[in-house]
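S.K.: So that you have it, the file is start_5.cif, and it contains mmCIF, N, CA and C atoms and all ligand atoms:
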```cif
data_my_file
loop_
_atom_site.label_atom_id
_atom_site.label_comp_id
_atom_site.auth_asym_id
_atom_site.auth_seq_id
_atom_site.Cartn_x
_atom_site.Cartn_y
_atom_site.Cartn_z
N MET A 1 88.38 107.11 77.13
CA MET A 1 88.35 107.00 78.57
C MET A 1 89.50 106.10 79.01
N GLU A 2 90.15 106.47 80.11
CA GLU A 2 91.24 105.63 80.62
C GLU A 2 90.86 105.06 81.98
N LEU A 3 91.13 103.79 82.16
CA LEU A 3 91.02 103.17 83.48
C LEU A 3 92.40 103.20 84.11
N ASP A 4 92.46 103.53 85.39
CA ASP A 4 93.77 103.72 86.00
C ASP A 4 93.75 103.21 87.45
N ASN A 5 94.90 102.73 87.87
CA ASN A 5 95.09 102.37 89.28
C ASN A 5 94.07 101.38 89.81
N MET A 6 93.84 100.33 89.09
CA MET A 6 92.91 99.32 89.59
C MET A 6 93.67 98.33 90.48
N ALA A 7 93.14 98.07 91.64
CA ALA A 7 93.78 97.12 92.55
C ALA A 7 92.75 96.46 93.45
N VAL A 8 93.04 95.22 93.80
CA VAL A 8 92.20 94.43 94.68
C VAL A 8 93.06 93.99 95.86
N ASP A 9 92.50 93.94 97.03
CA ASP A 9 93.21 93.44 98.20
C ASP A 9 93.75 92.03 97.89
N PRO A 10 95.05 91.80 98.08
CA PRO A 10 95.61 90.48 97.75
C PRO A 10 94.89 89.31 98.43
N ASP A 11 94.30 89.56 99.60
CA ASP A 11 93.55 88.48 100.28
C ASP A 11 92.33 88.05 99.47
N HIS A 12 91.96 88.87 98.47
CA HIS A 12 90.73 88.58 97.71
C HIS A 12 90.98 88.46 96.22
N PHE A 13 92.25 88.21 95.86
CA PHE A 13 92.57 87.99 94.45
C PHE A 13 91.79 86.79 93.90
N ARG A 14 91.56 86.80 92.59
CA ARG A 14 90.98 85.69 91.82
C ARG A 14 89.58 85.31 92.30
N ARG A 15 88.84 86.29 92.78
CA ARG A 15 87.45 86.04 93.16
C ARG A 15 86.48 86.86 92.31
N GLY A 16 87.00 87.51 91.28
CA GLY A 16 86.12 88.22 90.36
C GLY A 16 85.96 89.71 90.63
N TYR A 17 86.58 90.21 91.72
CA TYR A 17 86.40 91.64 92.03
C TYR A 17 87.03 92.53 90.96
N GLY A 18 88.22 92.19 90.51
CA GLY A 18 88.87 92.98 89.46
C GLY A 18 88.03 93.03 88.19
N SER A 19 87.45 91.89 87.83
CA SER A 19 86.59 91.84 86.63
C SER A 19 85.39 92.76 86.81
N HIS A 20 84.79 92.71 87.99
CA HIS A 20 83.61 93.56 88.22
C HIS A 20 83.97 95.04 88.11
N LEU A 21 85.11 95.42 88.71
CA LEU A 21 85.53 96.82 88.64
C LEU A 21 85.72 97.25 87.19
N CYS A 22 86.42 96.40 86.43
CA CYS A 22 86.73 96.74 85.05
C CYS A 22 85.46 96.77 84.18
N LYS A 23 84.56 95.80 84.42
CA LYS A 23 83.31 95.78 83.65
C LYS A 23 82.47 97.02 83.91
N TYR A 24 82.56 97.54 85.13
CA TYR A 24 81.82 98.77 85.41
C TYR A 24 82.33 99.90 84.52
N GLY A 25 83.67 100.00 84.42
CA GLY A 25 84.24 101.03 83.55
C GLY A 25 83.86 100.82 82.09
N ILE A 26 83.88 99.57 81.65
CA ILE A 26 83.49 99.26 80.27
C ILE A 26 82.02 99.63 80.03
N ASP A 27 81.17 99.35 81.02
CA ASP A 27 79.74 99.69 80.87
C ASP A 27 79.56 101.19 80.66
N VAL A 28 80.29 101.98 81.45
CA VAL A 28 80.18 103.44 81.32
C VAL A 28 80.61 103.87 79.92
N ALA A 29 81.74 103.33 79.45
CA ALA A 29 82.23 103.69 78.11
C ALA A 29 81.29 103.19 77.01
N ALA A 30 80.75 101.98 77.20
CA ALA A 30 79.87 101.39 76.18
C ALA A 30 78.61 102.23 76.00
N GLN A 31 78.12 102.78 77.09
CA GLN A 31 76.92 103.61 76.99
C GLN A 31 77.17 104.82 76.08
N ASP A 32 78.37 105.36 76.13
CA ASP A 32 78.71 106.52 75.29
C ASP A 32 79.40 106.11 74.00
N LYS A 33 79.55 104.79 73.79
CA LYS A 33 80.18 104.25 72.58
C LYS A 33 81.58 104.82 72.38
N ILE A 34 82.35 104.88 73.45
CA ILE A 34 83.73 105.36 73.35
C ILE A 34 84.70 104.24 73.77
N PRO A 35 85.91 104.24 73.23
CA PRO A 35 86.87 103.20 73.60
C PRO A 35 87.45 103.44 75.00
N VAL A 36 88.03 102.37 75.54
CA VAL A 36 88.68 102.44 76.85
C VAL A 36 90.15 102.10 76.66
N GLY A 37 91.02 102.93 77.22
CA GLY A 37 92.45 102.64 77.16
C GLY A 37 92.98 102.33 78.54
N ILE A 38 94.06 101.57 78.57
CA ILE A 38 94.66 101.22 79.85
C ILE A 38 96.14 100.91 79.64
N ILE A 39 96.95 101.30 80.60
CA ILE A 39 98.36 100.90 80.58
C ILE A 39 98.50 99.82 81.64
N ALA A 40 98.62 98.60 81.18
CA ALA A 40 98.52 97.45 82.09
C ALA A 40 99.88 96.97 82.55
N ALA A 41 99.96 96.70 83.85
CA ALA A 41 101.09 95.96 84.38
C ALA A 41 100.82 94.48 84.15
N LYS A 42 101.82 93.66 84.44
CA LYS A 42 101.72 92.23 84.13
C LYS A 42 100.46 91.59 84.72
N MET A 43 100.16 91.89 85.98
CA MET A 43 99.03 91.23 86.63
C MET A 43 97.70 91.63 86.00
N GLY A 44 97.64 92.89 85.51
CA GLY A 44 96.39 93.35 84.94
C GLY A 44 96.17 92.92 83.51
N ALA A 45 97.25 92.69 82.77
CA ALA A 45 97.13 92.44 81.33
C ALA A 45 96.25 91.22 81.01
N CYS A 46 96.39 90.15 81.81
CA CYS A 46 95.56 88.96 81.57
C CYS A 46 94.10 89.25 81.84
N LEU A 47 93.86 89.98 82.92
CA LEU A 47 92.47 90.31 83.26
C LEU A 47 91.83 91.13 82.14
N TYR A 48 92.54 92.16 81.67
CA TYR A 48 91.95 93.03 80.65
C TYR A 48 91.76 92.26 79.33
N SER A 49 92.71 91.39 79.00
CA SER A 49 92.55 90.58 77.79
C SER A 49 91.30 89.71 77.89
N SER A 50 91.05 89.20 79.09
CA SER A 50 89.89 88.33 79.26
C SER A 50 88.59 89.08 79.05
N LEU A 51 88.65 90.41 79.15
CA LEU A 51 87.44 91.23 78.99
C LEU A 51 87.36 91.85 77.60
N GLY A 52 88.26 91.47 76.71
CA GLY A 52 88.16 91.94 75.33
C GLY A 52 89.14 93.04 74.95
N PHE A 53 90.02 93.45 75.88
CA PHE A 53 91.03 94.45 75.53
C PHE A 53 92.06 93.83 74.59
N LYS A 54 92.52 94.63 73.62
CA LYS A 54 93.56 94.19 72.69
C LYS A 54 94.83 94.98 72.97
N THR A 55 95.97 94.30 72.94
CA THR A 55 97.24 94.97 73.17
C THR A 55 97.64 95.77 71.93
N THR A 56 97.89 97.06 72.13
CA THR A 56 98.33 97.94 71.05
C THR A 56 99.85 97.92 70.93
N VAL A 57 100.50 98.02 72.07
CA VAL A 57 101.96 98.01 72.07
C VAL A 57 102.45 97.54 73.44
N GLN A 58 103.60 96.88 73.44
CA GLN A 58 104.23 96.50 74.71
C GLN A 58 105.45 97.38 74.92
N ILE A 59 105.60 97.86 76.16
CA ILE A 59 106.71 98.76 76.48
C ILE A 59 107.54 98.12 77.59
N THR A 60 108.86 98.13 77.42
CA THR A 60 109.76 97.67 78.47
C THR A 60 110.62 98.85 78.90
N LEU A 61 110.55 99.17 80.19
CA LEU A 61 111.40 100.22 80.73
C LEU A 61 112.54 99.54 81.49
N ALA A 62 113.77 99.86 81.07
CA ALA A 62 114.94 99.24 81.70
C ALA A 62 115.71 100.30 82.48
N ASP A 63 116.30 99.85 83.58
CA ASP A 63 117.14 100.74 84.38
C ASP A 63 118.38 101.09 83.57
N PRO A 64 118.59 102.37 83.25
CA PRO A 64 119.71 102.74 82.38
C PRO A 64 121.07 102.80 83.10
N ARG A 65 121.07 102.64 84.42
CA ARG A 65 122.33 102.78 85.15
C ARG A 65 123.25 101.60 84.87
N PRO A 66 124.53 101.88 84.74
CA PRO A 66 125.49 100.80 84.46
C PRO A 66 125.40 99.69 85.51
N GLY A 67 125.39 98.45 85.06
CA GLY A 67 125.37 97.31 85.98
C GLY A 67 124.00 96.95 86.50
N LYS A 68 123.01 97.74 86.18
CA LYS A 68 121.64 97.45 86.66
C LYS A 68 120.86 96.72 85.57
N LYS A 69 120.18 95.66 85.94
CA LYS A 69 119.45 94.86 84.94
C LYS A 69 117.95 94.89 85.14
N ALA A 70 117.49 95.69 86.11
CA ALA A 70 116.05 95.70 86.38
C ALA A 70 115.27 96.27 85.21
N SER A 71 114.09 95.72 84.98
CA SER A 71 113.21 96.26 83.94
C SER A 71 111.77 95.95 84.32
N VAL A 72 110.87 96.69 83.73
CA VAL A 72 109.45 96.46 83.99
C VAL A 72 108.69 96.57 82.67
N ASP A 73 107.73 95.68 82.49
CA ASP A 73 106.95 95.65 81.24
C ASP A 73 105.57 96.25 81.45
N PHE A 74 105.11 96.93 80.42
CA PHE A 74 103.74 97.46 80.40
C PHE A 74 103.09 97.10 79.08
N TRP A 75 101.78 96.89 79.10
CA TRP A 75 101.02 96.61 77.88
C TRP A 75 99.98 97.71 77.71
N VAL A 76 100.09 98.44 76.61
CA VAL A 76 99.08 99.45 76.30
C VAL A 76 97.93 98.72 75.62
N GLN A 77 96.76 98.76 76.25
CA GLN A 77 95.63 97.96 75.77
C GLN A 77 94.40 98.84 75.55
N LYS A 78 93.58 98.38 74.61
CA LYS A 78 92.41 99.16 74.24
C LYS A 78 91.19 98.25 74.10
N TRP A 79 90.08 98.73 74.64
CA TRP A 79 88.80 98.06 74.43
C TRP A 79 87.99 98.96 73.51
N ASP A 80 87.58 98.43 72.37
CA ASP A 80 86.86 99.22 71.37
C ASP A 80 85.44 98.70 71.26
N PRO A 81 84.45 99.53 71.55
CA PRO A 81 83.06 99.04 71.53
C PRO A 81 82.64 98.52 70.16
N SER A 82 83.24 99.02 69.10
CA SER A 82 82.84 98.56 67.76
C SER A 82 83.46 97.20 67.42
N LYS A 83 84.51 96.82 68.17
CA LYS A 83 85.19 95.55 67.88
C LYS A 83 85.08 94.56 69.02
N SER A 84 84.40 94.94 70.08
CA SER A 84 84.34 94.08 71.26
C SER A 84 82.92 93.84 71.69
N PRO A 85 82.21 92.95 70.99
CA PRO A 85 80.85 92.64 71.41
C PRO A 85 80.85 92.08 72.83
N ARG A 86 79.74 92.25 73.52
CA ARG A 86 79.69 91.86 74.93
C ARG A 86 80.05 90.39 75.13
N LYS A 87 79.77 89.55 74.12
CA LYS A 87 80.09 88.13 74.33
C LYS A 87 81.59 87.91 74.48
N SER A 88 82.43 88.94 74.08
CA SER A 88 83.87 88.77 74.23
C SER A 88 84.30 88.75 75.69
N TRP A 89 83.37 89.08 76.60
CA TRP A 89 83.71 89.01 78.01
C TRP A 89 83.86 87.58 78.50
N GLN A 90 83.38 86.64 77.71
CA GLN A 90 83.61 85.25 78.11
C GLN A 90 85.11 85.04 78.21
N ARG A 91 85.50 84.21 79.14
CA ARG A 91 86.93 84.14 79.45
C ARG A 91 87.71 83.27 78.50
N TYR A 92 88.34 83.96 77.54
CA TYR A 92 89.30 83.25 76.72
C TYR A 92 90.69 83.79 77.02
N CYS A 93 90.82 84.35 78.26
CA CYS A 93 92.04 85.05 78.65
C CYS A 93 93.30 84.24 78.41
N TRP A 94 93.32 83.03 78.92
CA TRP A 94 94.59 82.33 78.94
C TRP A 94 95.12 82.08 77.53
N ARG A 95 94.19 81.85 76.60
CA ARG A 95 94.61 81.62 75.23
C ARG A 95 95.26 82.86 74.62
N TRP A 96 94.70 84.03 74.97
CA TRP A 96 95.15 85.26 74.33
C TRP A 96 96.01 86.13 75.22
N CYS A 97 96.25 85.69 76.47
CA CYS A 97 96.95 86.52 77.43
C CYS A 97 98.35 86.89 76.94
N PRO A 98 98.67 88.21 76.86
CA PRO A 98 99.96 88.61 76.33
C PRO A 98 101.12 88.31 77.26
N THR A 99 100.83 87.99 78.53
CA THR A 99 101.94 87.73 79.45
C THR A 99 102.06 86.26 79.81
N ARG A 100 101.32 85.40 79.14
CA ARG A 100 101.30 84.02 79.62
C ARG A 100 102.68 83.37 79.51
N HIS A 101 103.51 83.83 78.57
CA HIS A 101 104.84 83.24 78.45
C HIS A 101 105.75 83.64 79.62
N LEU A 102 105.32 84.64 80.42
CA LEU A 102 106.12 85.09 81.55
C LEU A 102 105.73 84.37 82.84
N ALA A 103 104.61 83.64 82.80
CA ALA A 103 104.11 83.01 84.03
C ALA A 103 105.02 81.89 84.48
C1 LIG B 201 95.04 92.78 88.53
C2 LIG B 201 94.07 92.62 89.70
C3 LIG B 201 93.28 93.93 89.87
C4 LIG B 201 93.08 91.47 89.37
O1 LIG B 201 92.07 91.44 90.37
P1 LIG B 201 91.28 90.08 90.68
O2 LIG B 201 90.09 90.44 91.53
O3 LIG B 201 92.21 89.08 91.26
O4 LIG B 201 90.84 89.61 89.24
P2 LIG B 201 89.67 88.56 88.85
O5 LIG B 201 89.41 87.62 89.98
O6 LIG B 201 88.49 89.32 88.35
O7 LIG B 201 90.38 87.77 87.64
C5 LIG B 201 89.73 87.63 86.39
C6 LIG B 201 90.64 86.87 85.43
O8 LIG B 201 91.82 87.63 85.15
C7 LIG B 201 92.93 86.72 85.01
N1 LIG B 201 93.91 87.00 86.07
C8 LIG B 201 93.74 87.77 87.17
N2 LIG B 201 94.89 87.81 87.89
C9 LIG B 201 95.79 87.03 87.23
C10 LIG B 201 97.15 86.67 87.47
N3 LIG B 201 97.84 87.12 88.53
N4 LIG B 201 97.76 85.87 86.57
C11 LIG B 201 97.10 85.39 85.49
N5 LIG B 201 95.79 85.70 85.21
C12 LIG B 201 95.16 86.51 86.07
C13 LIG B 201 92.37 85.33 85.15
O9 LIG B 201 91.99 84.86 83.87
C14 LIG B 201 91.15 85.56 85.99
O10 LIG B 201 90.16 84.56 85.82
P3 LIG B 201 90.26 83.17 86.66
O11 LIG B 201 90.53 83.52 88.09
O12 LIG B 201 88.90 82.55 86.44
O13 LIG B 201 91.38 82.40 86.04
C15 LIG B 201 94.79 92.24 91.00
O14 LIG B 201 95.64 91.13 90.73
C16 LIG B 201 95.63 93.35 91.58
O15 LIG B 201 95.11 94.22 92.30
N6 LIG B 201 96.96 93.33 91.30
C17 LIG B 201 97.87 94.31 91.88
C18 LIG B 201 97.70 95.68 91.26
C19 LIG B 201 97.83 95.61 89.76
O16 LIG B 201 98.79 95.05 89.22
N7 LIG B 201 96.83 96.22 89.12
C20 LIG B 201 96.75 96.26 87.67
C21 LIG B 201 97.43 97.50 87.21
S1 LIG B 201 97.27 97.63 85.45
#
```
Represent the structure from my file as structure tokens, please.
Ligand SMILES: CC(C)(COP(=O)(O)OP(=O)(O)OC[C@H]1O[C@@H](n2cnc3c(N)ncnc32)[C@H](O)[C@@H]1OP(=O)(O)O)[C@@H](O)C(=O)NCCC(=O)NCCS

M.R.:
Amino acid sequence: MELDNMAVDPDHFRRGYGSHLCKYGIDVAAQDKIPVGIIAAKMGACLYSSLGFKTTVQITLADPRPGKKASVDFWVQKWDPSKSPRKSWQRYCWRWCPTRHLA
């Protein structure tokens, strides 16, 4: 199962809404004992890590045009019901956050 396009109104960031949305998706997958995949942007990667997602691979897309230096990072992350007991939802995000060095 893939979670896609998750967003919270910026006026309501850091109030737990993103976690609730993501946990709902995890609950649905957990009932069927299937993993959840996500392609995370920087803002989402910390949230998903805090909920037990593990980074499989990091991808950097760079602008190939001469003289252009823009790039964007993505983290391919997976939540596996066999490796992610519910207690992993406790927030250890900052310790394991794959983007914390970018903050
Ligand atoms: C990513 C997003 C959905 C998070 O929603 P949210 O409601 O703010 O998330 P929560 O309040 O549930 O945050 C839970 C935890 O995730 C982590 N987290 C969330 N946003 C973070 C940020 N910008 N930087 C670092 N950690 C962050 C924190 O550990 C946070 O816990 P804390 O507030 O107790 O420290 C929201 O920032 C958003 O809509 N961003 C723009 C769209 C986007 O990038 N979506 C993700 C695409 S993959």

S.K.: If you run DSSP on the backbone here, which positions in chain A get helix (DSSP H, G or I)? Please write them as a ChimeraX atom specification.

M.R.: /A:10-12,17-31,42-50,86-89,93-96,100-102

S.K.: Please identify the residues whose atoms come within 8 Å of ligand LIG 201 (chain B), using all atoms listed in the file, and report them as a ChimeraX atom specification.

M.R.: /A:3-10,12-22,38-51,75,91-94,97,99-100,103

S.K.: Which value, in Å to one decimal, gives the distance between atom N of Ile26 in chain A and atom C of Gln58 in chain A?

M.R.: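 Interatomic distance here is 22.7 Å.
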
S.K.: If you measure from atom C of Glu2 in chain A to CA of Gly37 in chain A, what distance in Å do you get, rounded to one decimal?

M.R.: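 For atom C of Glu2 in chain A relative to CA of Gly37 in chain A, the distance reads 5.6 Å.
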
S.K.: Find, counting only C-alpha atoms, the residue in A:Phe53, A:Asp11, A:Gly25, A:Pro35 that gets nearest to Val76 in chain A.

M.R.: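 Ranked by minimum distance to Val76 in chain A, first place goes to A:Phe53.
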
S.K.: I'd like the interatomic distance between atom C of Lys78 in chain A and atom N of Gly52 in chain A, to a tenth of an Å.

M.R.: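 Going from atom C of Lys78 in chain A over to atom N of Gly52 in chain A covers 7.8 Å.
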
S.K.: For a quick check of understanding, using all atoms listed in the file, which of A:Ala70, A:Ala62, A:Val57, A:Met1 has the smallest distance to Val36 in chain A?

M.R.: A:Met1

S.K.: Could you find all residues in chain A that DSSP calls strand (DSSP E or B) from the backbone, and write them as an NGL selection string?

M.R.: :A and (2 or 36-40 or 54-62 or 71-79)

S.K.: Kindly provide, as a list in words, the polymer residues lying within 6.5 Å of (110.2, 101.6, 84.8), counting only N, CA and C atoms and using the coordinates exactly as they appear in the file.

M.R.: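 Those residues, ordered by chain and then number, are Leu61, Ala62, Asp63, Ser71 and Val72 of chain A.
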